[in-house]
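J.: Data file run_17.pdb (PDB, C-alpha atoms) is appended below.
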```
ATOM      1  CA  MET A   1     -23.982  12.271 -11.512
ATOM      2  CA  GLU A   2     -27.070  14.121 -10.383
ATOM      3  CA  TYR A   3     -27.182  17.874  -9.816
ATOM      4  CA  ARG A   4     -29.081  20.005  -7.330
ATOM      5  CA  ASP A   5     -29.891  23.690  -7.063
ATOM      6  CA  LEU A   6     -27.552  25.558  -4.731
ATOM      7  CA  GLY A   7     -30.279  27.595  -3.106
ATOM      8  CA  GLU A   8     -30.995  30.855  -4.920
ATOM      9  CA  THR A   9     -27.495  31.243  -6.398
ATOM     10  CA  GLY A  10     -28.592  30.076  -9.843
ATOM     11  CA  MET A  11     -25.931  27.366  -9.722
ATOM     12  CA  ARG A  12     -26.684  23.666 -10.146
ATOM     13  CA  VAL A  13     -23.994  21.627  -8.438
ATOM     14  CA  SER A  14     -22.999  17.982  -8.478
ATOM     15  CA  GLU A  15     -24.507  16.322  -5.426
ATOM     16  CA  ILE A  16     -21.103  14.789  -4.712
ATOM     17  CA  SER A  17     -18.600  17.599  -5.119
ATOM     18  CA  LEU A  18     -14.993  17.978  -3.950
ATOM     19  CA  GLY A  19     -13.481  19.658  -0.919
ATOM     20  CA  THR A  20      -9.821  20.606  -1.284
ATOM     21  CA  TRP A  21      -8.575  21.217   2.264
ATOM     22  CA  ALA A  22      -6.213  18.238   1.934
ATOM     23  CA  PHE A  23      -4.448  19.884  -1.026
ATOM     24  CA  GLY A  24      -3.320  22.683   1.244
ATOM     25  CA  GLY A  25      -2.271  20.882   4.402
ATOM     26  CA  ASP A  26      -3.308  19.493   7.778
ATOM     27  CA  TRP A  27      -3.957  16.062   6.244
ATOM     28  CA  GLY A  28      -0.408  14.846   5.750
ATOM     29  CA  THR A  29       1.559  15.365   2.561
ATOM     30  CA  VAL A  30      -0.344  15.448  -0.728
ATOM     31  CA  SER A  31       1.824  15.901  -3.799
ATOM     32  CA  GLU A  32       0.941  18.488  -6.406
ATOM     33  CA  ASP A  33       0.695  15.741  -9.030
ATOM     34  CA  ASP A  34      -1.784  13.746  -6.951
ATOM     35  CA  ALA A  35      -3.833  16.829  -6.116
ATOM     36  CA  TYR A  36      -4.024  17.972  -9.718
ATOM     37  CA  ALA A  37      -4.862  14.461 -10.932
ATOM     38  CA  ALA A  38      -7.651  14.291  -8.335
ATOM     39  CA  LEU A  39      -9.091  17.592  -9.558
ATOM     40  CA  ASN A  40      -9.059  16.487 -13.179
ATOM     41  CA  HIS A  41     -10.568  13.094 -12.413
ATOM     42  CA  ALA A  42     -13.349  14.713 -10.405
ATOM     43  CA  VAL A  43     -14.314  16.886 -13.365
ATOM     44  CA  ASP A  44     -14.088  13.876 -15.695
ATOM     45  CA  LEU A  45     -16.613  12.099 -13.445
ATOM     46  CA  GLY A  46     -19.100  14.969 -13.542
ATOM     47  CA  VAL A  47     -18.089  16.978 -10.477
ATOM     48  CA  ASN A  48     -18.646  20.650 -11.298
ATOM     49  CA  PHE A  49     -18.272  22.258  -7.858
ATOM     50  CA  LEU A  50     -15.038  22.674  -5.913
ATOM     51  CA  ASP A  51     -14.711  24.046  -2.394
ATOM     52  CA  THR A  52     -11.487  25.692  -1.247
ATOM     53  CA  ALA A  53     -10.196  28.467   1.028
ATOM     54  CA  ASP A  54      -7.464  31.062   0.904
ATOM     55  CA  VAL A  55      -5.682  29.485   3.882
ATOM     56  CA  TYR A  56      -5.473  25.976   2.454
ATOM     57  CA  GLY A  57      -1.722  25.772   1.964
ATOM     58  CA  ASP A  58      -1.546  29.588   2.044
ATOM     59  CA  GLY A  59      -3.246  29.665  -1.365
ATOM     60  CA  ARG A  60      -1.848  26.412  -2.779
ATOM     61  CA  SER A  61      -5.301  24.856  -3.138
ATOM     62  CA  GLU A  62      -6.702  27.946  -4.876
ATOM     63  CA  ARG A  63      -3.749  28.091  -7.252
ATOM     64  CA  LEU A  64      -4.174  24.433  -8.216
ATOM     65  CA  ILE A  65      -7.817  25.118  -9.007
ATOM     66  CA  GLY A  66      -6.797  28.207 -10.968
ATOM     67  CA  ARG A  67      -4.518  26.006 -13.056
ATOM     68  CA  LEU A  68      -7.424  23.624 -13.633
ATOM     69  CA  LEU A  69      -9.694  26.463 -14.764
ATOM     70  CA  LYS A  70      -7.055  27.622 -17.223
ATOM     71  CA  ASP A  71      -6.400  24.122 -18.560
ATOM     72  CA  ARG A  72     -10.102  23.226 -18.934
ATOM     73  CA  PRO A  73     -11.816  26.360 -20.240
ATOM     74  CA  ASP A  74     -14.654  24.410 -21.885
ATOM     75  CA  ASP A  75     -15.789  22.669 -18.689
ATOM     76  CA  GLU A  76     -18.279  24.242 -16.309
ATOM     77  CA  ILE A  77     -16.360  24.376 -13.025
ATOM     78  CA  LEU A  78     -17.866  26.351 -10.168
ATOM     79  CA  VAL A  79     -15.608  27.360  -7.298
ATOM     80  CA  ALA A  80     -16.418  28.321  -3.737
ATOM     81  CA  THR A  81     -13.681  29.798  -1.597
ATOM     82  CA  LYS A  82     -13.538  31.188   1.924
ATOM     83  CA  ALA A  83     -12.000  34.164   3.660
ATOM     84  CA  GLY A  84     -11.274  35.328   7.176
ATOM     85  CA  ARG A  85      -8.913  32.804   8.713
ATOM     86  CA  ARG A  86      -5.894  34.800   7.554
ATOM     87  CA  LEU A  87      -6.746  37.321  10.260
ATOM     88  CA  ASP A  88      -4.276  37.471  13.125
ATOM     89  CA  PRO A  89      -5.718  37.899  15.634
ATOM     90  CA  HIS A  90      -8.865  36.149  14.421
ATOM     91  CA  THR A  91     -11.454  38.552  15.841
ATOM     92  CA  PRO A  92     -14.921  39.727  14.748
ATOM     93  CA  GLU A  93     -13.569  43.257  14.202
ATOM     94  CA  GLY A  94     -11.262  41.909  11.520
ATOM     95  CA  TYR A  95     -14.214  40.943   9.351
ATOM     96  CA  ASN A  96     -14.455  44.394   7.800
ATOM     97  CA  TYR A  97     -14.537  45.672   4.242
ATOM     98  CA  GLU A  98     -10.843  46.536   4.087
ATOM     99  CA  ASN A  99      -9.680  43.069   5.112
ATOM    100  CA  LEU A 100     -12.316  41.122   3.202
ATOM    101  CA  SER A 101     -11.598  43.120   0.064
ATOM    102  CA  ALA A 102      -7.884  42.321   0.337
ATOM    103  CA  PHE A 103      -8.631  38.626   0.838
ATOM    104  CA  VAL A 104     -10.946  38.610  -2.175
ATOM    105  CA  GLU A 105      -8.341  40.268  -4.383
ATOM    106  CA  ARG A 106      -5.810  37.610  -3.413
ATOM    107  CA  SER A 107      -8.273  34.795  -4.144
ATOM    108  CA  LEU A 108      -9.162  36.315  -7.511
ATOM    109  CA  GLN A 109      -5.483  36.338  -8.386
ATOM    110  CA  ASN A 110      -4.903  32.781  -7.147
ATOM    111  CA  LEU A 111      -7.866  31.451  -9.105
ATOM    112  CA  GLY A 112      -7.254  33.587 -12.181
ATOM    113  CA  VAL A 113     -10.864  34.794 -12.366
ATOM    114  CA  ASP A 114     -12.613  38.163 -12.465
ATOM    115  CA  ALA A 115     -15.312  37.275  -9.943
ATOM    116  CA  LEU A 116     -15.780  34.597  -7.273
ATOM    117  CA  ASP A 117     -18.720  32.250  -7.842
ATOM    118  CA  LEU A 118     -19.206  31.949  -4.093
ATOM    119  CA  LEU A 119     -17.364  33.578  -1.188
ATOM    120  CA  GLN A 120     -17.909  32.191   2.303
ATOM    121  CA  LEU A 121     -16.922  33.611   5.645
ATOM    122  CA  HIS A 122     -14.556  30.993   7.059
ATOM    123  CA  CYS A 123     -15.921  29.945  10.453
ATOM    124  CA  PRO A 124     -15.705  33.402  12.017
ATOM    125  CA  PRO A 125     -16.200  34.017  15.740
ATOM    126  CA  THR A 126     -19.851  33.791  16.765
ATOM    127  CA  GLU A 127     -20.071  37.528  17.472
ATOM    128  CA  THR A 128     -19.434  38.204  13.765
ATOM    129  CA  TYR A 129     -22.988  37.080  12.980
ATOM    130  CA  ARG A 130     -24.292  39.976  15.070
ATOM    131  CA  GLN A 131     -22.148  42.459  13.156
ATOM    132  CA  ASP A 132     -24.115  44.171  10.386
ATOM    133  CA  SER A 133     -20.966  45.826   9.048
ATOM    134  CA  THR A 134     -19.506  42.485   7.974
ATOM    135  CA  PHE A 135     -22.490  41.649   5.804
ATOM    136  CA  GLU A 136     -22.622  45.193   4.484
ATOM    137  CA  ALA A 137     -19.014  44.681   3.380
ATOM    138  CA  LEU A 138     -20.035  41.493   1.558
ATOM    139  CA  ASP A 139     -22.897  43.372  -0.101
ATOM    140  CA  ARG A 140     -20.426  45.989  -1.259
ATOM    141  CA  LEU A 141     -18.084  43.373  -2.728
ATOM    142  CA  GLN A 142     -21.040  41.880  -4.556
ATOM    143  CA  GLU A 143     -22.082  45.285  -5.890
ATOM    144  CA  GLU A 144     -18.517  45.795  -7.132
ATOM    145  CA  GLY A 145     -18.827  42.608  -9.181
ATOM    146  CA  LYS A 146     -16.007  40.788  -7.405
ATOM    147  CA  VAL A 147     -18.317  38.285  -5.690
ATOM    148  CA  LYS A 148     -21.305  36.716  -7.433
ATOM    149  CA  ASN A 149     -22.776  35.095  -4.308
ATOM    150  CA  TYR A 150     -21.824  34.889  -0.667
ATOM    151  CA  GLY A 151     -22.508  32.622   2.257
ATOM    152  CA  VAL A 152     -20.982  31.347   5.476
ATOM    153  CA  SER A 153     -19.131  28.314   6.745
ATOM    154  CA  VAL A 154     -20.072  27.685  10.365
ATOM    155  CA  GLU A 155     -19.116  25.549  13.335
ATOM    156  CA  LYS A 156     -22.473  25.580  15.118
ATOM    157  CA  VAL A 157     -26.140  25.247  14.244
ATOM    158  CA  ASP A 158     -26.887  28.439  16.197
ATOM    159  CA  GLU A 159     -24.447  30.339  13.955
ATOM    160  CA  ALA A 160     -26.154  28.971  10.853
ATOM    161  CA  ARG A 161     -29.501  30.199  12.092
ATOM    162  CA  MET A 162     -28.065  33.617  12.935
ATOM    163  CA  ALA A 163     -26.533  33.954   9.476
ATOM    164  CA  LEU A 164     -29.935  33.576   7.840
ATOM    165  CA  SER A 165     -31.064  36.835   9.422
ATOM    166  CA  TYR A 166     -29.072  38.486   6.604
ATOM    167  CA  PRO A 167     -31.135  38.211   3.401
ATOM    168  CA  ASN A 168     -28.209  37.991   0.983
ATOM    169  CA  VAL A 169     -26.636  34.961   2.673
ATOM    170  CA  LYS A 170     -27.345  32.385  -0.020
ATOM    171  CA  THR A 171     -25.459  29.359   1.315
ATOM    172  CA  VAL A 172     -24.435  27.740   4.576
ATOM    173  CA  GLN A 173     -21.601  25.239   4.815
ATOM    174  CA  ILE A 174     -21.958  23.089   7.918
ATOM    175  CA  ILE A 175     -20.584  19.845   9.319
ATOM    176  CA  PHE A 176     -23.227  17.214   8.611
ATOM    177  CA  ASN A 177     -22.808  13.462   8.663
ATOM    178  CA  ILE A 178     -24.100  10.366  10.470
ATOM    179  CA  PHE A 179     -22.134  11.481  13.554
ATOM    180  CA  ARG A 180     -23.431  15.083  13.402
ATOM    181  CA  GLN A 181     -27.208  14.915  12.889
ATOM    182  CA  LYS A 182     -28.265  18.069  14.744
ATOM    183  CA  PRO A 183     -28.416  20.248  11.581
ATOM    184  CA  ALA A 184     -31.182  18.063  10.125
ATOM    185  CA  GLU A 185     -33.236  18.493  13.272
ATOM    186  CA  GLU A 186     -32.678  22.155  14.070
ATOM    187  CA  PHE A 187     -31.517  23.939  10.929
ATOM    188  CA  PHE A 188     -32.609  22.263   7.706
ATOM    189  CA  PRO A 189     -36.318  23.169   8.054
ATOM    190  CA  LEU A 190     -35.394  26.866   8.278
ATOM    191  CA  ALA A 191     -32.944  26.568   5.385
ATOM    192  CA  GLU A 192     -35.578  24.923   3.189
ATOM    193  CA  GLU A 193     -38.055  27.650   4.074
ATOM    194  CA  ARG A 194     -35.476  30.249   3.009
ATOM    195  CA  ASN A 195     -34.281  28.190  -0.007
ATOM    196  CA  THR A 196     -30.726  28.380   1.318
ATOM    197  CA  GLY A 197     -28.062  26.220  -0.309
ATOM    198  CA  ILE A 198     -26.460  23.744   2.094
ATOM    199  CA  LEU A 199     -22.950  22.376   1.662
ATOM    200  CA  ALA A 200     -22.348  19.322   3.861
ATOM    201  CA  ARG A 201     -18.735  19.446   4.962
ATOM    202  CA  VAL A 202     -16.646  16.872   6.852
ATOM    203  CA  PRO A 203     -19.092  14.279   5.467
ATOM    204  CA  LEU A 204     -16.926  11.306   6.438
ATOM    205  CA  ALA A 205     -16.035  12.585   9.933
ATOM    206  CA  SER A 206     -12.347  12.959   9.023
ATOM    207  CA  GLY A 207     -12.248   9.344   7.871
ATOM    208  CA  LEU A 208     -14.044   7.760  10.828
ATOM    209  CA  LEU A 209     -16.878   6.953   8.418
ATOM    210  CA  SER A 210     -14.555   5.593   5.749
ATOM    211  CA  GLY A 211     -14.634   2.112   7.228
ATOM    212  CA  LYS A 212     -10.864   1.888   6.832
ATOM    213  CA  MET A 213      -9.678   2.924  10.289
ATOM    214  CA  SER A 214      -8.687   0.887  13.305
ATOM    215  CA  ALA A 215      -7.510   1.676  16.824
ATOM    216  CA  GLU A 216      -3.931   1.107  15.641
ATOM    217  CA  ARG A 217      -4.152   3.799  12.961
ATOM    218  CA  SER A 218      -1.500   6.495  13.385
ATOM    219  CA  PHE A 219      -1.332   9.901  11.752
ATOM    220  CA  THR A 220       1.639  12.020  10.758
ATOM    221  CA  GLU A 221       2.633  15.097  12.750
ATOM    222  CA  ASP A 222       1.216  17.427  10.083
ATOM    223  CA  ASP A 223      -2.213  15.740  10.108
ATOM    224  CA  HIS A 224      -4.893  17.478  12.196
ATOM    225  CA  ARG A 225      -6.178  14.031  13.210
ATOM    226  CA  ASN A 226      -2.983  13.803  15.222
ATOM    227  CA  PHE A 227      -2.587  17.339  16.563
ATOM    228  CA  ASN A 228      -6.156  18.661  16.969
ATOM    229  CA  ARG A 229      -8.129  15.894  18.673
ATOM    230  CA  GLU A 230      -8.745  18.099  21.697
ATOM    231  CA  GLY A 231      -9.035  21.341  19.738
ATOM    232  CA  GLN A 232      -5.431  22.431  20.262
ATOM    233  CA  ALA A 233      -5.198  24.224  16.886
ATOM    234  CA  PHE A 234      -8.805  25.019  15.908
ATOM    235  CA  ASP A 235     -12.335  23.939  16.759
ATOM    236  CA  ARG A 236     -12.333  20.339  17.993
ATOM    237  CA  GLY A 237     -15.432  19.642  15.929
ATOM    238  CA  GLU A 238     -13.362  19.834  12.756
ATOM    239  CA  THR A 239     -11.483  16.666  13.736
ATOM    240  CA  PHE A 240     -13.529  13.436  13.670
ATOM    241  CA  SER A 241     -16.577  15.732  13.930
ATOM    242  CA  GLY A 242     -15.769  16.122  17.634
ATOM    243  CA  VAL A 243     -16.340  12.414  18.308
ATOM    244  CA  ASN A 244     -13.919  10.480  20.492
ATOM    245  CA  PHE A 245     -11.824   8.345  18.115
ATOM    246  CA  GLU A 246     -12.430   5.023  19.873
ATOM    247  CA  THR A 247     -16.155   5.737  20.268
ATOM    248  CA  GLY A 248     -16.395   6.570  16.583
ATOM    249  CA  LEU A 249     -14.706   3.314  15.638
ATOM    250  CA  ARG A 250     -17.239   1.310  17.654
ATOM    251  CA  ALA A 251     -20.151   3.155  16.056
ATOM    252  CA  ALA A 252     -18.647   2.688  12.593
ATOM    253  CA  GLU A 253     -18.496  -1.086  13.151
ATOM    254  CA  GLU A 254     -22.238  -1.156  13.754
ATOM    255  CA  LEU A 255     -22.897   1.046  10.735
ATOM    256  CA  LYS A 256     -21.009  -1.394   8.515
ATOM    257  CA  GLU A 257     -23.858  -3.858   9.025
ATOM    258  CA  LEU A 258     -26.166  -1.453   7.155
ATOM    259  CA  VAL A 259     -23.993  -1.059   4.043
ATOM    260  CA  PRO A 260     -25.473  -2.642   0.890
ATOM    261  CA  GLU A 261     -23.401  -5.349  -0.762
ATOM    262  CA  GLY A 262     -20.843  -3.973  -3.198
ATOM    263  CA  TYR A 263     -20.499  -0.605  -1.483
ATOM    264  CA  SER A 264     -18.173   0.837   1.158
ATOM    265  CA  LEU A 265     -19.057   2.503   4.446
ATOM    266  CA  ALA A 266     -17.806   5.793   2.971
ATOM    267  CA  GLN A 267     -20.234   5.505   0.061
ATOM    268  CA  PHE A 268     -23.047   4.599   2.444
ATOM    269  CA  ALA A 269     -22.246   7.636   4.620
ATOM    270  CA  LEU A 270     -22.350   9.943   1.596
ATOM    271  CA  ARG A 271     -25.597   8.393   0.348
ATOM    272  CA  TRP A 272     -27.049   8.945   3.828
ATOM    273  CA  ILE A 273     -26.312  12.672   3.510
ATOM    274  CA  LEU A 274     -27.957  12.829   0.078
ATOM    275  CA  MET A 275     -31.146  11.339   1.547
ATOM    276  CA  HIS A 276     -31.772  14.793   3.053
ATOM    277  CA  PRO A 277     -33.350  16.974   0.345
ATOM    278  CA  ALA A 278     -32.242  20.179   2.082
ATOM    279  CA  VAL A 279     -28.628  19.325   1.218
ATOM    280  CA  SER A 280     -27.353  20.793  -2.049
ATOM    281  CA  CYS A 281     -24.165  18.735  -2.094
ATOM    282  CA  ALA A 282     -21.674  16.851   0.023
ATOM    283  CA  ILE A 283     -18.049  17.925  -0.301
ATOM    284  CA  PRO A 284     -15.793  15.033   0.664
ATOM    285  CA  GLY A 285     -12.082  15.467   0.157
ATOM    286  CA  GLY A 286      -9.967  13.220  -2.009
ATOM    287  CA  LYS A 287      -6.175  13.067  -1.956
ATOM    288  CA  ASN A 288      -5.897  11.184  -5.256
ATOM    289  CA  PRO A 289      -8.038  10.017  -8.200
ATOM    290  CA  ARG A 290      -8.878   6.693  -6.540
ATOM    291  CA  GLN A 291     -10.417   8.363  -3.490
ATOM    292  CA  VAL A 292     -12.350  10.785  -5.680
ATOM    293  CA  GLU A 293     -13.759   7.936  -7.748
ATOM    294  CA  GLU A 294     -14.883   6.018  -4.674
ATOM    295  CA  ASN A 295     -16.656   9.069  -3.296
ATOM    296  CA  VAL A 296     -18.390   9.928  -6.557
ATOM    297  CA  ALA A 297     -19.716   6.367  -6.837
ATOM    298  CA  ALA A 298     -21.955   7.116  -3.845
ATOM    299  CA  ALA A 299     -24.167   9.133  -6.171
ATOM    300  CA  GLU A 300     -25.036   5.902  -7.992
ATOM    301  CA  MET A 301     -26.349   4.122  -4.883
ATOM    302  CA  SER A 302     -30.052   3.492  -4.606
ATOM    303  CA  PRO A 303     -31.920   5.531  -2.001
ATOM    304  CA  LEU A 304     -31.674   4.086   1.491
ATOM    305  CA  PRO A 305     -34.848   2.570   2.950
ATOM    306  CA  GLU A 306     -36.446   4.262   5.943
ATOM    307  CA  GLU A 307     -35.605   1.364   8.245
ATOM    308  CA  THR A 308     -31.929   1.842   7.401
ATOM    309  CA  MET A 309     -32.151   5.574   8.094
ATOM    310  CA  GLN A 310     -33.862   4.777  11.406
ATOM    311  CA  ARG A 311     -31.119   2.325  12.373
ATOM    312  CA  ALA A 312     -28.468   4.957  11.603
ATOM    313  CA  ARG A 313     -30.305   7.339  13.925
ATOM    314  CA  GLU A 314     -30.344   4.696  16.653
ATOM    315  CA  ILE A 315     -26.591   4.153  16.346
ATOM    316  CA  TYR A 316     -26.063   7.910  16.558
ATOM    317  CA  ASP A 317     -28.270   8.103  19.629
ATOM    318  CA  ALA A 318     -26.504   5.206  21.312
ATOM    319  CA  TYR A 319     -22.905   6.216  20.717
ATOM    320  CA  VAL A 320     -22.547   9.832  19.676
ATOM    321  CA  ARG A 321     -25.454  12.112  20.570
ATOM    322  CA  ASP A 322     -24.429  12.723  24.188
ATOM    323  CA  GLU A 323     -20.897  13.690  23.094
ATOM    324  CA  VAL A 324     -21.651  16.125  20.295
ATOM    325  CA  HIS A 325     -25.286  17.142  19.968
ATOM    326  CA  HIS A 326     -25.254  19.875  22.602
ATOM    327  CA  GLN A 327     -21.864  21.292  21.593
ATOM    328  CA  TRP A 328     -22.328  22.212  17.944
TER     329      TRP A 328
END
```
Using structure tokens, write down the structure from this file.
T.:
Amino acid sequence: MEYRDLGETGMRVSEISLGTWAFGGDWGTVSEDDAYAALNHAVDLGVNFLDTADVYGDGRSERLIGRLLKDRPDDEILVATKAGRRLDPHTPEGYNYENLSAFVERSLQNLGVDALDLLQLHCPPTETYRQDSTFEALDRLQEEGKVKNYGVSVEKVDEARMALSYPNVKTVQIIFNIFRQKPAEEFFPLAEERNTGILARVPLASGLLSGKMSAERSFTEDDHRNFNREGQAFDRGETFSGVNFETGLRAAEELKELVPEGYSLAQFALRWILMHPAVSCAIPGGKNPRQVEENVAAAEMSPLPEETMQRAREIYDAYVRDEVHHQW
């Protein structure tokens, strides 16, 4: 495993880390035993950075990580969580000190820690990024010692750029994968100039880039890939990166031709992300130890040649760009 600096946070994170949305819900049922085994196996393989949120399973994901921290006190395990989606209604005005402080206290309790390594605003409404009071509240939480670093998780490139107008925003979590290439074009240069840590989320486009899906694939009722394809529950870009399922399958078939022998499309897709030096880490999910191990193996792949990167761009341009590039 290789490690990269997470911007100016002082943290060095495994370039393949672990996202834990699936442990909380919206991805079908994941047993506590499988989730905890996945966490432990990730750490065994060198993963030292875990991404979670207070709404994943109403705290279930955070509590599982808290158990891990307690059971493995000698391992360096860095945790990023998120806050804001517990607001009802989910409005910019809700992102104030009183609410954020309450969310932080709950996360501290769930994780069993005295301070959060990284707190991220959880895809707030766009207007929140024009609201100085929200970032003043985060500054205050940092001054109180409850938050070591803070950043944002965004839906859109424009929101990422807006967030960097606040000097203490140290990280940006953004959807970035072969099917969502706009960040590399319009955000990464600014992030590198600012030395901002970048967490690449939804790196496998909700499984479209796993190479394991077909048009016959069905999803359970509690899986967002079933109930959010048109954005019925939350931003449509969270599901298959906003790409039409059938279109994504056709593009994935062409991408398979680029995968080096002995590797999977998922590993290729993760290696593609790591070819961008602005990225601090990719945070694929893993429902069990086997999935975690497959994802981590991407870190061992040789760098991709420029002609392969160019071909991936051409496939994006041919199939996906017109659908997604202007929206996020």
J.: Go through A:Leu190, A:Leu204, A:Met301, A:Leu255 and flag the residue nearest A:Val157, using all atoms listed in the file for the distances.
T.: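 Using all atoms listed in the file, A:Val157 sits closest to A:Leu190.
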J.: Under the PyMOL selection byres ((chain A and resi 95-110) around 6), which residues of this model are included? Write them out as number ranges by chain.
T.: A: 62-63, 92-94, 111-113, 134, 137
J.: Do you have the atom CA of A:Asn195-atom CA of A:Arg12 distance handy?
T.: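 Atom CA of A:Arg12 lies at a distance of 13.5 Å from atom CA of A:Asn195.
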J.: Assuming the chain letters and numbering stay as they are in my file, what does the PyMOL selection byres ((chain A and resi 168) around 8) actually select? List them as a PyMOL selection string.
T.: chain A and resi 139+150-151+166-167+169-170
J.: Could you check which of A:Glu257, A:Glu300, A:Asp34, A:Asp114 is closest to A:Ile315, using all atoms listed in the file?
T.: A:Glu257
J.: For the file shown, report as an MDAnalysis selection string the outcome of the PyMOL selection byres ((chain A and resi 75-79) around 7) at residue level.
T.: chainID A and resid 48:51 72:74 80:81 117:118
J.: From the set A:Pro305, A:Pro203, A:Gly25, A:Gly286, which residue has the shortest atom-to-atom contact distance to A:Leu270, counting only C-alpha atoms?
T.: A:Pro203
J.: Let me make sure I understand: among A:Val13, A:Gly242, A:Met1, A:Thr220, which one has the smallest atom-to-atom distance to A:Gly28 if we use only C-alpha atoms?
T.: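 Closest residue, counting only C-alpha atoms: A:Thr220.
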J.: I need the residue nearest A:Arg201 from this list: A:Gln267, A:Ser31, A:Thr52, A:Ser61. Use only C-alpha atoms for the distance.
T.: A:Thr52
J.: Near A:Leu265, within 10 Å and counting all atoms listed in the file, which residues show up once chain neighbours fewer than 5 positions away are dropped, as an NGL selection string?
T.: :A and (204 or 208-212 or 252-253 or 255-260 or 270-271 or 298)
J.: State, in Å with one decimal place, the distance from atom CA of A:Lys182 to atom CA of A:His325.
T.: 6.1 Å
J.: To one decimal place in Å, what is the distance between atom CA of A:Ser241 and atom CA of A:Glu323?
T.: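 About the pair atom CA of A:Ser241 and atom CA of A:Glu323: they are 10.3 Å apart.
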J.: Nearest to A:Gln181: which of A:Ile273, A:Val43, A:Ile65, A:Leu87 is it, counting only C-alpha atoms?
T.: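 Looking only at the distances to A:Gln181, the closest residue turns out to be A:Ile273.
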J.: Identify, on the basis of only C-alpha atoms, every residue whose closest approach to A:Asp223 does not exceed 12 Å; exclude the query and any residue fewer than 6 positions from it along the same chain; express the result as a tab-separated table (two decimals) with C-alpha atoms, in the coordinates of the input.
T.:
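So the final result, stored in out.tsv, reads:
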```
chain	number	residue	atom	x	y	z
A	21	TRP	CA	-8.57	21.22	2.26
A	22	ALA	CA	-6.21	18.24	1.93
A	24	GLY	CA	-3.32	22.68	1.24
A	25	GLY	CA	-2.27	20.88	4.40
A	26	ASP	CA	-3.31	19.49	7.78
A	27	TRP	CA	-3.96	16.06	6.24
A	28	GLY	CA	-0.41	14.85	5.75
A	29	THR	CA	1.56	15.36	2.56
A	30	VAL	CA	-0.34	15.45	-0.73
A	206	SER	CA	-12.35	12.96	9.02
A	229	ARG	CA	-8.13	15.89	18.67
A	233	ALA	CA	-5.20	24.22	16.89
A	239	THR	CA	-11.48	16.67	13.74
```
J.: Applying 12 Å and all atoms listed in the file, which residues near A:Ala184 remain after dropping the ones on its own chain fewer than 3 positions away? List them as a PDB file with C-alpha atoms, keeping the file's coordinate frame.
T.:
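After the write, part_16.pdb holds the following:
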```
ATOM      1  CA  VAL A 157     -26.140  25.247  14.244  1.00  0.00           C
ATOM      2  CA  ILE A 174     -21.958  23.089   7.918  1.00  0.00           C
ATOM      3  CA  ILE A 175     -20.584  19.845   9.319  1.00  0.00           C
ATOM      4  CA  PHE A 176     -23.227  17.214   8.611  1.00  0.00           C
ATOM      5  CA  ASN A 177     -22.808  13.462   8.663  1.00  0.00           C
ATOM      6  CA  ILE A 178     -24.100  10.366  10.470  1.00  0.00           C
ATOM      7  CA  PHE A 179     -22.134  11.481  13.554  1.00  0.00           C
ATOM      8  CA  ARG A 180     -23.431  15.083  13.402  1.00  0.00           C
ATOM      9  CA  GLN A 181     -27.208  14.915  12.889  1.00  0.00           C
ATOM     10  CA  PHE A 187     -31.517  23.939  10.929  1.00  0.00           C
ATOM     11  CA  PHE A 188     -32.609  22.263   7.706  1.00  0.00           C
ATOM     12  CA  PRO A 189     -36.318  23.169   8.054  1.00  0.00           C
ATOM     13  CA  LEU A 190     -35.394  26.866   8.278  1.00  0.00           C
ATOM     14  CA  ALA A 191     -32.944  26.568   5.385  1.00  0.00           C
ATOM     15  CA  GLU A 192     -35.578  24.923   3.189  1.00  0.00           C
ATOM     16  CA  ILE A 198     -26.460  23.744   2.094  1.00  0.00           C
ATOM     17  CA  ALA A 200     -22.348  19.322   3.861  1.00  0.00           C
ATOM     18  CA  TRP A 272     -27.049   8.945   3.828  1.00  0.00           C
ATOM     19  CA  ILE A 273     -26.312  12.672   3.510  1.00  0.00           C
ATOM     20  CA  LEU A 274     -27.957  12.829   0.078  1.00  0.00           C
ATOM     21  CA  MET A 275     -31.146  11.339   1.547  1.00  0.00           C
ATOM     22  CA  HIS A 276     -31.772  14.793   3.053  1.00  0.00           C
ATOM     23  CA  PRO A 277     -33.350  16.974   0.345  1.00  0.00           C
ATOM     24  CA  ALA A 278     -32.242  20.179   2.082  1.00  0.00           C
ATOM     25  CA  VAL A 279     -28.628  19.325   1.218  1.00  0.00           C
ATOM     26  CA  ARG A 313     -30.305   7.339  13.925  1.00  0.00           C
ATOM     27  CA  HIS A 325     -25.286  17.142  19.968  1.00  0.00           C
TER      28      HIS A 325
END
```
J.: Can you pull out the residues contacting A:Tyr36? Cut-off 9 Å, using all atoms listed in the file, and skip same-chain residues under 5 positions away; I want them as a PDB file with C-alpha atoms, in the frame of the given file.
T.:
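Output file around-v7.pdb follows:
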```pdb
ATOM      1  CA  PHE A  23      -4.448  19.884  -1.026  1.00  0.00           C
ATOM      2  CA  SER A  31       1.824  15.901  -3.799  1.00  0.00           C
ATOM      3  CA  HIS A  41     -10.568  13.094 -12.413  1.00  0.00           C
ATOM      4  CA  LEU A  64      -4.174  24.433  -8.216  1.00  0.00           C
ATOM      5  CA  ILE A  65      -7.817  25.118  -9.007  1.00  0.00           C
ATOM      6  CA  ARG A  67      -4.518  26.006 -13.056  1.00  0.00           C
ATOM      7  CA  LEU A  68      -7.424  23.624 -13.633  1.00  0.00           C
ATOM      8  CA  ASN A 288      -5.897  11.184  -5.256  1.00  0.00           C
TER       9      ASN A 288
END
```
J.: Enclose the full set of atoms of stretch 208-212 of chain A listed in the file within a box whose edges lie along x, y and z, apply 5 Å of padding to each of the six sides, and report centre and edge lengths in Å to one decimal as lines of an AutoDock Vina configuration file.
T.:
```
center_x = -13.9
center_y = 4.8
center_z = 8.3
size_x = 16.0
size_y = 15.9
size_z = 15.1
```
